[in-house]
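Student: My questions will all concern the structure given below.
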Amino acid sequence: MMKLSKKIAVVLAFGLFTQNQAQNYLKYTVGNAHSHNDYQQEIPFWQAYYASFGSIEADVFLVKGKLWVAHTEKELLPDRTLESLYLDPISKQIKLNKGNIYSDSTKKLQLLIDIKQDYKTSLNALVNILKKYPEITGCPGIKMVITGARPQPGDFKNYPDYLWFDGDLDTNYTGDQLKRVGMFSADFQNLVKWNGKGIPRDEETERIKKAVEKVHVQQKPVRFYGAPDFTNAWVNLMDLDVDYINTDHIPDLKKFINTIPKNFYKSTNEYEIYQPTYKTDQTKKKVKNVILLIPDGTSLPQYYAAFTANKGKLNVFNMKSTGLSKTNSSNAYITDSAPGSTAFATGVKTKNTFVGVDDKGKALAQIPDIIAAKGMDSGLISTGDITDATPADFYAHSDNRNSSEPILKDFVNSKTKILIGGPTGGLSQENGQKIKEAKIDFYQDLKSVSTINGRTLVIDPLASRRISNGRGNWLADAFDLTLNDLKENKKGFFMMVEASQTDGGGHSNNLEQLVTELLDFDHVVGKAMKFADENKETLVIVVGDHETGGLTLLDGSLKEGWVFGNFSTNDHTSIPSSVFAYGPHSQEFTGLFENTEIFNKILSAYGIQR
């Protein structure tokens, strides 16, 4: 009956594993981290302890009645004892934390003591030493587990209850013996030959799963020593439900595990995408309208993360014309948003922080002003500050992107018809008066605008909210409102739509923010493609001004809609931005080109010569 129950438990455990694989990452904390050969760290014990690791390992040799800590006998030193390196610091922290090993009483610590010589004499010495530390042996937050040379299972009972023993996968323990097993350890290289890169072979994966399941059925944690010790290996071990992640790289594993909640995202709102007709796509017909969609800080990794979260569907990926935009500014290998979209708006590379001016500070002609001379209108939308770099690049001229007051003043004097976005510090009393004098219709929320009649400025606090914080359909509504006005101009229009907060997700290394903002933006991409199909004279371009965060994708499921990533920086990178285009002249947006070519290709599609 017992054997049958175990078999059923294994089947159930495997079923739960396959169902909850995506959630495995979220259950890991630094409490699942094991500092392997901790005594070889620059600061033994303390480095792992202050990282809040759940397990620390020390190898010991019995020398003159004391347990000295070292990897080999050649490295033994009299001042490096189990007491000085581990027991004394543990005792100190328990006293400091009033009986708990950590100040957070829910956190536990396992001390894995690896006996390198005869276990009988070594364990007797350990028991004698521990008599001096009743605060340790009586602490419920400390588990001391003996590994290496250790007693036969039948002799576990001969040792104090505060000592636990490391289990062996090939040993069958009785119920009483199993009660003294603190964890199970196994040599990873004896189990499989996987080097940690890619994923294990199928048969290796099965061996690892079976080993883990065998331990979990016995309701014990498992650790593999000798396992590869870097990011991809950690990902796979977590994926396979290994309880303790073995490492010699404490800071790296600490950072990796602590950032899992921000690096993992599972979508709860799958949506269907627009199915384009492609009837005017890649034709050479002159266009009347251009819709430029800018997901700030976005390139291929961000798109693919959103594509994965929406279970393999993304409007932008239905665009057949794709390319790469080189993003460097005139004075830096890595651009910021100001010169990034100045290149789109003017066709000129400029310095970082410069808005709508060349690298000497001279004002440049921007698309809205250029097409106004042809009788065409323009509208700008952003989910950020209306005076922030990207929208400002299309109407303002400044050598400092942070000069919001003079930037907003430039909007009054520009040819841009519609500007919609979030609050700005540039709305001074003087600017408010200038907006009024220019007879610009000014609204403080989007819902107040039923139709647009003339030049319009909307500064809506809702625009600057994150989509996960209640922005709702604001961006799509702003797009519809603007499009409904601009399309009435028979001579044509230009519209720029910026998803500002995709960039914020990269800067804050928050995958949820990045993906949810990009999925919200992709709805607008679908709307733009639909309009292009209906209108037949509209070119749609999607391009980020730069990449932010150095995102890499570590794991995911197109079927289940979850993705797990990792960021290398909290700033911009030099990675070229992905370019997508749909409609007439879209074929001209393929290959690798300078970001200034976006401007040139737009004017060429309009048939405007400069």
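Following the order of the structure tokens, chains are lettered A, B, ..., residues in each are numbered from 1, and ligands are numbered from 1.
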Just want the 7 Å neighbourhood of Asn195 in chain A, counted on only C-alpha atoms, with same-chain residues fewer than 2 positions away dropped. Output as an MDAnalysis selection string.
Tutor: chainID A and resid 193 197 228
Student: Restrict the selected residues to N, CA and C atoms and save them as a PDB file, in the first residue's frame.
Tutor:
ATOM      1  N   LYS A 193      25.509  14.816 -18.071  1.00  0.00           N
ATOM      2  CA  LYS A 193      26.732  15.485 -18.536  1.00  0.00           C
ATOM      3  C   LYS A 193      26.437  16.871 -19.106  1.00  0.00           C
ATOM      4  N   LYS A 197      24.547  24.925 -20.761  1.00  0.00           N
ATOM      5  CA  LYS A 197      24.183  25.762 -21.905  1.00  0.00           C
ATOM      6  C   LYS A 197      23.008  25.134 -22.639  1.00  0.00           C
ATOM      7  N   PRO A 228      26.405  23.097 -13.180  1.00  0.00           N
ATOM      8  CA  PRO A 228      26.867  24.349 -13.791  1.00  0.00           C
ATOM      9  C   PRO A 228      26.350  25.536 -12.985  1.00  0.00           C
TER      10      PRO A 228
END
Student: Can you tell me, as a list in words, what residues are no more than 9 Å from His36 in chain A when counting only C-alpha atoms, ignoring any on the same chain fewer than 4 positions away?
Tutor: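 Listing them by chain and then by number gives Gln40, Ser55, Ile56, Glu57, Ala58, Tyr225, Asn246, Thr247, Asp248 and His249 of chain A.
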Student: Report as a ChimeraX atom specification all protein, DNA and RNA residues lying within 9 Å of Ser91 in chain A, evaluated on only C-alpha atoms, omitting residues in the same chain fewer than 2 positions from it.
Tutor: /A:86-89,93-96,101,133-136
Student: For a quick check of understanding, using only C-alpha atoms, which of A:Phe230, A:Phe61, A:Phe493, A:Tyr25 has the smallest distance to Val242 in chain A?
Tutor: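 Going through A:Phe230, A:Phe61, A:Phe493, A:Tyr25 one by one, the smallest distance to Val242 in chain A is for A:Tyr25.
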Student: Residues within 9 Å of Asp503 in chain A, please, as an NGL selection string. Count only C-alpha atoms; anything in the same chain fewer than 4 positions from it doesn't count.
Tutor: :A and (295-298 or 499 or 507-508 or 514 or 547-549 or 572)
Student: Range 252-266 of chain A: which residues within 6 Å, counting only C-alpha atoms, same-chain residues fewer than 4 positions away excluded, as a PDB file with all heavy atoms, in the first residue's frame?
Tutor:
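Written out: selection03.pdb:
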ATOM      1  N   THR A  29      13.280  32.240  -3.735  1.00  0.00           N
ATOM      2  CA  THR A  29      13.834  33.400  -3.044  1.00  0.00           C
ATOM      3  C   THR A  29      15.294  33.082  -2.741  1.00  0.00           C
ATOM      4  O   THR A  29      15.772  31.967  -3.011  1.00  0.00           O
ATOM      5  CB  THR A  29      13.098  33.671  -1.726  1.00  0.00           C
ATOM      6  OG1 THR A  29      13.424  32.612  -0.779  1.00  0.00           O
ATOM      7  CG2 THR A  29      11.593  33.726  -1.929  1.00  0.00           C
ATOM      8  N   ASN A 510      11.583  46.383 -15.253  1.00  0.00           N
ATOM      9  CA  ASN A 510      10.298  45.820 -14.860  1.00  0.00           C
ATOM     10  C   ASN A 510       9.636  45.224 -16.097  1.00  0.00           C
ATOM     11  O   ASN A 510       9.082  45.948 -16.931  1.00  0.00           O
ATOM     12  CB  ASN A 510       9.414  46.904 -14.239  1.00  0.00           C
ATOM     13  CG  ASN A 510       8.134  46.354 -13.653  1.00  0.00           C
ATOM     14  OD1 ASN A 510       7.526  45.442 -14.203  1.00  0.00           O
ATOM     15  ND2 ASN A 510       7.710  46.915 -12.533  1.00  0.00           N
ATOM     16  N   LEU A 511       9.700  43.904 -16.216  1.00  0.00           N
ATOM     17  CA  LEU A 511       9.197  43.252 -17.415  1.00  0.00           C
ATOM     18  C   LEU A 511       7.681  43.398 -17.546  1.00  0.00           C
ATOM     19  O   LEU A 511       7.159  43.549 -18.657  1.00  0.00           O
ATOM     20  CB  LEU A 511       9.586  41.769 -17.418  1.00  0.00           C
ATOM     21  CG  LEU A 511       9.382  41.037 -18.744  1.00  0.00           C
ATOM     22  CD1 LEU A 511      10.287  41.605 -19.821  1.00  0.00           C
ATOM     23  CD2 LEU A 511       9.637  39.541 -18.577  1.00  0.00           C
ATOM     24  N   GLU A 512       6.970  43.374 -16.432  1.00  0.00           N
ATOM     25  CA  GLU A 512       5.518  43.540 -16.488  1.00  0.00           C
ATOM     26  C   GLU A 512       5.159  44.887 -17.098  1.00  0.00           C
ATOM     27  O   GLU A 512       4.300  44.978 -17.990  1.00  0.00           O
ATOM     28  CB  GLU A 512       4.896  43.425 -15.098  1.00  0.00           C
ATOM     29  CG  GLU A 512       3.389  43.649 -15.132  1.00  0.00           C
ATOM     30  CD  GLU A 512       2.758  43.733 -13.746  1.00  0.00           C
ATOM     31  OE1 GLU A 512       3.504  43.810 -12.759  1.00  0.00           O
ATOM     32  OE2 GLU A 512       1.518  43.757 -13.663  1.00  0.00           O
ATOM     33  N   GLY A 561       1.619  31.840 -22.539  1.00  0.00           N
ATOM     34  CA  GLY A 561       1.655  33.292 -22.456  1.00  0.00           C
ATOM     35  C   GLY A 561       2.452  33.851 -21.298  1.00  0.00           C
ATOM     36  O   GLY A 561       2.064  34.850 -20.694  1.00  0.00           O
ATOM     37  N   TRP A 562       3.584  33.211 -20.977  1.00  0.00           N
ATOM     38  CA  TRP A 562       4.457  33.767 -19.942  1.00  0.00           C
ATOM     39  C   TRP A 562       5.871  33.905 -20.480  1.00  0.00           C
ATOM     40  O   TRP A 562       6.284  33.182 -21.389  1.00  0.00           O
ATOM     41  CB  TRP A 562       4.435  32.939 -18.648  1.00  0.00           C
ATOM     42  CG  TRP A 562       4.901  31.515 -18.771  1.00  0.00           C
ATOM     43  CD1 TRP A 562       4.126  30.412 -18.987  1.00  0.00           C
ATOM     44  CD2 TRP A 562       6.256  31.025 -18.679  1.00  0.00           C
ATOM     45  NE1 TRP A 562       4.895  29.275 -19.042  1.00  0.00           N
ATOM     46  CE2 TRP A 562       6.205  29.617 -18.849  1.00  0.00           C
ATOM     47  CE3 TRP A 562       7.482  31.628 -18.471  1.00  0.00           C
ATOM     48  CZ2 TRP A 562       7.346  28.816 -18.811  1.00  0.00           C
ATOM     49  CZ3 TRP A 562       8.624  30.831 -18.437  1.00  0.00           C
ATOM     50  CH2 TRP A 562       8.549  29.443 -18.601  1.00  0.00           C
ATOM     51  N   VAL A 563       6.605  34.847 -19.912  1.00  0.00           N
ATOM     52  CA  VAL A 563       7.959  35.121 -20.372  1.00  0.00           C
ATOM     53  C   VAL A 563       8.829  35.500 -19.175  1.00  0.00           C
ATOM     54  O   VAL A 563       8.365  36.139 -18.229  1.00  0.00           O
ATOM     55  CB  VAL A 563       7.959  36.234 -21.447  1.00  0.00           C
ATOM     56  CG1 VAL A 563       7.422  37.542 -20.901  1.00  0.00           C
ATOM     57  CG2 VAL A 563       9.337  36.425 -22.057  1.00  0.00           C
ATOM     58  N   PHE A 564      10.075  35.071 -19.221  1.00  0.00           N
ATOM     59  CA  PHE A 564      11.034  35.313 -18.136  1.00  0.00           C
ATOM     60  C   PHE A 564      12.285  35.921 -18.759  1.00  0.00           C
ATOM     61  O   PHE A 564      12.859  35.350 -19.683  1.00  0.00           O
ATOM     62  CB  PHE A 564      11.356  33.989 -17.435  1.00  0.00           C
ATOM     63  CG  PHE A 564      12.302  34.104 -16.265  1.00  0.00           C
ATOM     64  CD1 PHE A 564      12.292  35.208 -15.434  1.00  0.00           C
ATOM     65  CD2 PHE A 564      13.191  33.078 -15.986  1.00  0.00           C
ATOM     66  CE1 PHE A 564      13.144  35.299 -14.349  1.00  0.00           C
ATOM     67  CE2 PHE A 564      14.049  33.145 -14.905  1.00  0.00           C
ATOM     68  CZ  PHE A 564      14.028  34.261 -14.082  1.00  0.00           C
ATOM     69  N   GLY A 565      12.664  37.105 -18.298  1.00  0.00           N
ATOM     70  CA  GLY A 565      13.798  37.807 -18.901  1.00  0.00           C
ATOM     71  C   GLY A 565      14.826  38.242 -17.893  1.00  0.00           C
ATOM     72  O   GLY A 565      14.749  37.935 -16.700  1.00  0.00           O
ATOM     73  N   ASN A 566      15.809  38.981 -18.394  1.00  0.00           N
ATOM     74  CA  ASN A 566      16.872  39.498 -17.539  1.00  0.00           C
ATOM     75  C   ASN A 566      17.399  40.777 -18.185  1.00  0.00           C
ATOM     76  O   ASN A 566      17.514  40.857 -19.410  1.00  0.00           O
ATOM     77  CB  ASN A 566      17.997  38.470 -17.405  1.00  0.00           C
ATOM     78  CG  ASN A 566      18.953  38.813 -16.291  1.00  0.00           C
ATOM     79  OD1 ASN A 566      18.548  39.357 -15.264  1.00  0.00           O
ATOM     80  ND2 ASN A 566      20.224  38.526 -16.470  1.00  0.00           N
TER      81      ASN A 566
END
Student: How far is it from CA of Gly31 in chain A to CA of Met183 in chain A, in Å with one decimal?
Tutor: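 Going from CA of Gly31 in chain A over to CA of Met183 in chain A, I get 14.3 Å.
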Student: Can you list every residue in range 241-482 of chain A that DSSP puts in strand (DSSP E or B), as a PyMOL selection string?
Tutor: chain A and resi 244-247+264-266+289-295+321-326+355+357+363+377-385+398+418-422+441-443+456-459
Student: Can you work out which one of A:Ala70, A:Lys491, A:Val458, A:Ser267 has the shortest atom-to-atom distance to Glu517 in chain A, counting only C-alpha atoms?
Tutor: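 Under the stated criterion, the closest residue is A:Ser267.
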Student: So, with only C-alpha atoms as the atoms that count, which of A:Thr277, A:Thr390, A:Asn484, A:Thr174 lies closest to Asp545 in chain A?
Tutor: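 Of the candidates, the smallest distance to Asp545 in chain A is held by A:Thr390.
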Student: Within 10 Å of Asp388 in chain A, counting only C-alpha atoms, which residues qualify if same-chain residues fewer than 5 places away don't, as a short mmCIF file (atom, residue, chain, number, x, y, z; two decimals) with all heavy atoms, in the first residue's frame?
Tutor:
data_model
loop_
_atom_site.label_atom_id
_atom_site.label_comp_id
_atom_site.auth_asym_id
_atom_site.auth_seq_id
_atom_site.Cartn_x
_atom_site.Cartn_y
_atom_site.Cartn_z
N SER A 337 16.70 59.80 -25.94
CA SER A 337 15.51 59.97 -26.78
C SER A 337 15.52 61.26 -27.59
O SER A 337 14.95 61.32 -28.68
CB SER A 337 14.25 59.93 -25.91
OG SER A 337 14.05 58.64 -25.37
N ALA A 338 16.17 62.31 -27.06
CA ALA A 338 16.12 63.60 -27.74
C ALA A 338 16.74 63.54 -29.14
O ALA A 338 16.06 63.85 -30.13
CB ALA A 338 16.79 64.67 -26.88
N VAL A 355 17.08 68.86 -28.74
CA VAL A 355 15.71 68.66 -29.24
C VAL A 355 15.47 69.54 -30.47
O VAL A 355 15.47 70.77 -30.36
CB VAL A 355 14.68 69.02 -28.14
CG1 VAL A 355 13.27 69.05 -28.71
CG2 VAL A 355 14.77 68.04 -26.99
N SER A 382 1.39 61.25 -26.90
CA SER A 382 2.37 60.56 -26.05
C SER A 382 1.73 60.14 -24.75
O SER A 382 0.86 60.84 -24.21
CB SER A 382 3.57 61.47 -25.76
OG SER A 382 4.47 60.85 -24.85
N ASP A 393 10.56 66.73 -30.02
CA ASP A 393 11.43 66.70 -31.20
C ASP A 393 10.68 67.06 -32.48
O ASP A 393 11.30 67.42 -33.48
CB ASP A 393 12.04 65.30 -31.35
CG ASP A 393 13.20 65.07 -30.41
OD1 ASP A 393 13.90 66.04 -30.08
OD2 ASP A 393 13.41 63.91 -30.00
N ARG A 401 16.70 69.10 -23.36
CA ARG A 401 15.40 68.44 -23.34
C ARG A 401 14.61 68.69 -22.06
O ARG A 401 13.40 68.46 -22.01
CB ARG A 401 15.56 66.93 -23.55
CG ARG A 401 16.42 66.26 -22.49
CD ARG A 401 16.49 64.76 -22.68
NE ARG A 401 15.22 64.12 -22.39
CZ ARG A 401 15.00 62.81 -22.48
NH1 ARG A 401 15.97 62.01 -22.90
NH2 ARG A 401 13.83 62.31 -22.18
N ASN A 402 15.29 69.15 -21.01
CA ASN A 402 14.62 69.39 -19.73
C ASN A 402 14.05 70.80 -19.61
O ASN A 402 13.44 71.13 -18.59
CB ASN A 402 15.61 69.13 -18.59
CG ASN A 402 16.08 67.69 -18.56
OD1 ASN A 402 15.27 66.77 -18.64
ND2 ASN A 402 17.38 67.47 -18.46
N SER A 403 14.22 71.62 -20.63
CA SER A 403 13.70 72.99 -20.59
C SER A 403 12.23 73.00 -21.01
O SER A 403 11.87 73.47 -22.09
CB SER A 403 14.53 73.89 -21.52
OG SER A 403 15.89 73.89 -21.13
N SER A 404 11.39 72.47 -20.15
CA SER A 404 9.99 72.22 -20.53
C SER A 404 9.20 73.49 -20.81
O SER A 404 8.31 73.50 -21.67
CB SER A 404 9.30 71.39 -19.45
OG SER A 404 9.37 72.02 -18.20
N ILE A 407 10.12 74.82 -24.24
CA ILE A 407 9.69 73.79 -25.21
C ILE A 407 8.19 73.91 -25.47
O ILE A 407 7.74 73.87 -26.62
CB ILE A 407 10.06 72.38 -24.70
CG1 ILE A 407 11.57 72.14 -24.89
CG2 ILE A 407 9.26 71.29 -25.43
CD1 ILE A 407 12.08 70.84 -24.31
N LEU A 408 7.39 74.06 -24.42
CA LEU A 408 5.95 74.21 -24.61
C LEU A 408 5.62 75.50 -25.36
O LEU A 408 4.69 75.55 -26.18
CB LEU A 408 5.22 74.17 -23.27
CG LEU A 408 3.69 74.18 -23.35
CD1 LEU A 408 3.17 73.01 -24.19
CD2 LEU A 408 3.06 74.15 -21.96
N GLY A 421 -1.08 64.57 -24.51
CA GLY A 421 -0.18 63.79 -23.65
C GLY A 421 -0.40 64.08 -22.19
O GLY A 421 -1.47 64.56 -21.78
N GLY A 422 0.65 63.81 -21.39
CA GLY A 422 0.56 63.95 -19.95
C GLY A 422 1.04 65.29 -19.44
O GLY A 422 1.56 66.12 -20.19
N PRO A 423 0.88 65.53 -18.15
CA PRO A 423 1.22 66.81 -17.52
C PRO A 423 2.69 67.19 -17.70
O PRO A 423 3.56 66.33 -17.81
CB PRO A 423 0.90 66.57 -16.04
CG PRO A 423 -0.11 65.48 -16.04
CD PRO A 423 0.27 64.59 -17.19
N THR A 424 2.93 68.50 -17.68
CA THR A 424 4.27 69.04 -17.83
C THR A 424 4.50 70.18 -16.85
O THR A 424 3.57 70.93 -16.52
CB THR A 424 4.50 69.55 -19.26
OG1 THR A 424 5.78 70.18 -19.33
CG2 THR A 424 3.44 70.56 -19.66
N SER A 500 5.39 56.03 -24.38
CA SER A 500 6.52 56.52 -23.59
C SER A 500 6.97 55.53 -22.51
O SER A 500 8.16 55.40 -22.22
CB SER A 500 6.13 57.85 -22.92
OG SER A 500 7.08 58.26 -21.98
#
Student: Contacts of Arg150 in chain A at 9 Å or less, counting only C-alpha atoms, minus same-chain residues fewer than 2 places along, as a PDB file with N, CA and C atoms, in the first residue's frame?
Tutor:
ATOM      1  N   ASP A 114      30.386  19.556   5.983  1.00  0.00           N
ATOM      2  CA  ASP A 114      30.932  18.455   5.192  1.00  0.00           C
ATOM      3  C   ASP A 114      32.124  17.845   5.937  1.00  0.00           C
ATOM      4  N   ILE A 115      31.928  16.625   6.473  1.00  0.00           N
ATOM      5  CA  ILE A 115      32.981  15.932   7.226  1.00  0.00           C
ATOM      6  C   ILE A 115      33.972  15.304   6.260  1.00  0.00           C
ATOM      7  N   ASP A 118      37.239  10.787   9.334  1.00  0.00           N
ATOM      8  CA  ASP A 118      36.428   9.811  10.056  1.00  0.00           C
ATOM      9  C   ASP A 118      35.277  10.516  10.763  1.00  0.00           C
ATOM     10  N   TYR A 119      34.045  10.104  10.433  1.00  0.00           N
ATOM     11  CA  TYR A 119      32.886  10.819  10.967  1.00  0.00           C
ATOM     12  C   TYR A 119      32.721  10.628  12.466  1.00  0.00           C
ATOM     13  N   LYS A 120      33.134   9.462  13.002  1.00  0.00           N
ATOM     14  CA  LYS A 120      32.917   9.203  14.426  1.00  0.00           C
ATOM     15  C   LYS A 120      33.659  10.207  15.287  1.00  0.00           C
ATOM     16  N   LEU A 123      32.351  13.895  14.420  1.00  0.00           N
ATOM     17  CA  LEU A 123      31.034  14.222  14.954  1.00  0.00           C
ATOM     18  C   LEU A 123      31.062  14.327  16.479  1.00  0.00           C
ATOM     19  N   ILE A 146      24.656  17.229   8.350  1.00  0.00           N
ATOM     20  CA  ILE A 146      25.975  16.598   8.167  1.00  0.00           C
ATOM     21  C   ILE A 146      26.020  15.909   6.811  1.00  0.00           C
ATOM     22  N   THR A 147      27.059  16.243   6.047  1.00  0.00           N
ATOM     23  CA  THR A 147      27.251  15.596   4.755  1.00  0.00           C
ATOM     24  C   THR A 147      28.690  15.101   4.663  1.00  0.00           C
ATOM     25  N   GLY A 148      29.070  14.553   3.520  1.00  0.00           N
ATOM     26  CA  GLY A 148      30.404  13.966   3.390  1.00  0.00           C
ATOM     27  C   GLY A 148      30.448  12.641   4.115  1.00  0.00           C
ATOM     28  N   GLN A 152      25.919   5.480   9.130  1.00  0.00           N
ATOM     29  CA  GLN A 152      24.915   4.696   8.440  1.00  0.00           C
ATOM     30  C   GLN A 152      23.542   5.130   8.945  1.00  0.00           C
ATOM     31  N   PRO A 153      22.524   5.042   8.126  1.00  0.00           N
ATOM     32  CA  PRO A 153      21.190   5.499   8.537  1.00  0.00           C
ATOM     33  C   PRO A 153      20.714   4.921   9.866  1.00  0.00           C
ATOM     34  N   PHE A 156      21.756   7.094  12.853  1.00  0.00           N
ATOM     35  CA  PHE A 156      21.354   8.497  12.988  1.00  0.00           C
ATOM     36  C   PHE A 156      20.823   8.774  14.392  1.00  0.00           C
ATOM     37  N   PHE A 165      21.018  14.842   8.752  1.00  0.00           N
ATOM     38  CA  PHE A 165      21.977  14.188   7.864  1.00  0.00           C
ATOM     39  C   PHE A 165      21.550  14.328   6.409  1.00  0.00           C
ATOM     40  N   ASP A 166      22.547  14.433   5.560  1.00  0.00           N
ATOM     41  CA  ASP A 166      22.317  14.565   4.125  1.00  0.00           C
ATOM     42  C   ASP A 166      21.920  13.211   3.559  1.00  0.00           C
TER      43      ASP A 166
END
Student: In terms of the shortest atom-to-atom distance over only C-alpha atoms, which of A:Trp234, A:Phe599, A:Trp474, A:Phe224 is closest to Gln189 in chain A?
Tutor: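 For Gln189 in chain A, the nearest of the candidates is A:Phe224.
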Student: Write out as a PyMOL selection string the set of residues from range 59-256 of chain A that DSSP, computed on the backbone, places in helix (DSSP H, G or I).
Tutor: chain A and resi 73-75+82-96+119-130+134-137+153-158+175-178+188-191+202-217+231-239+250-256
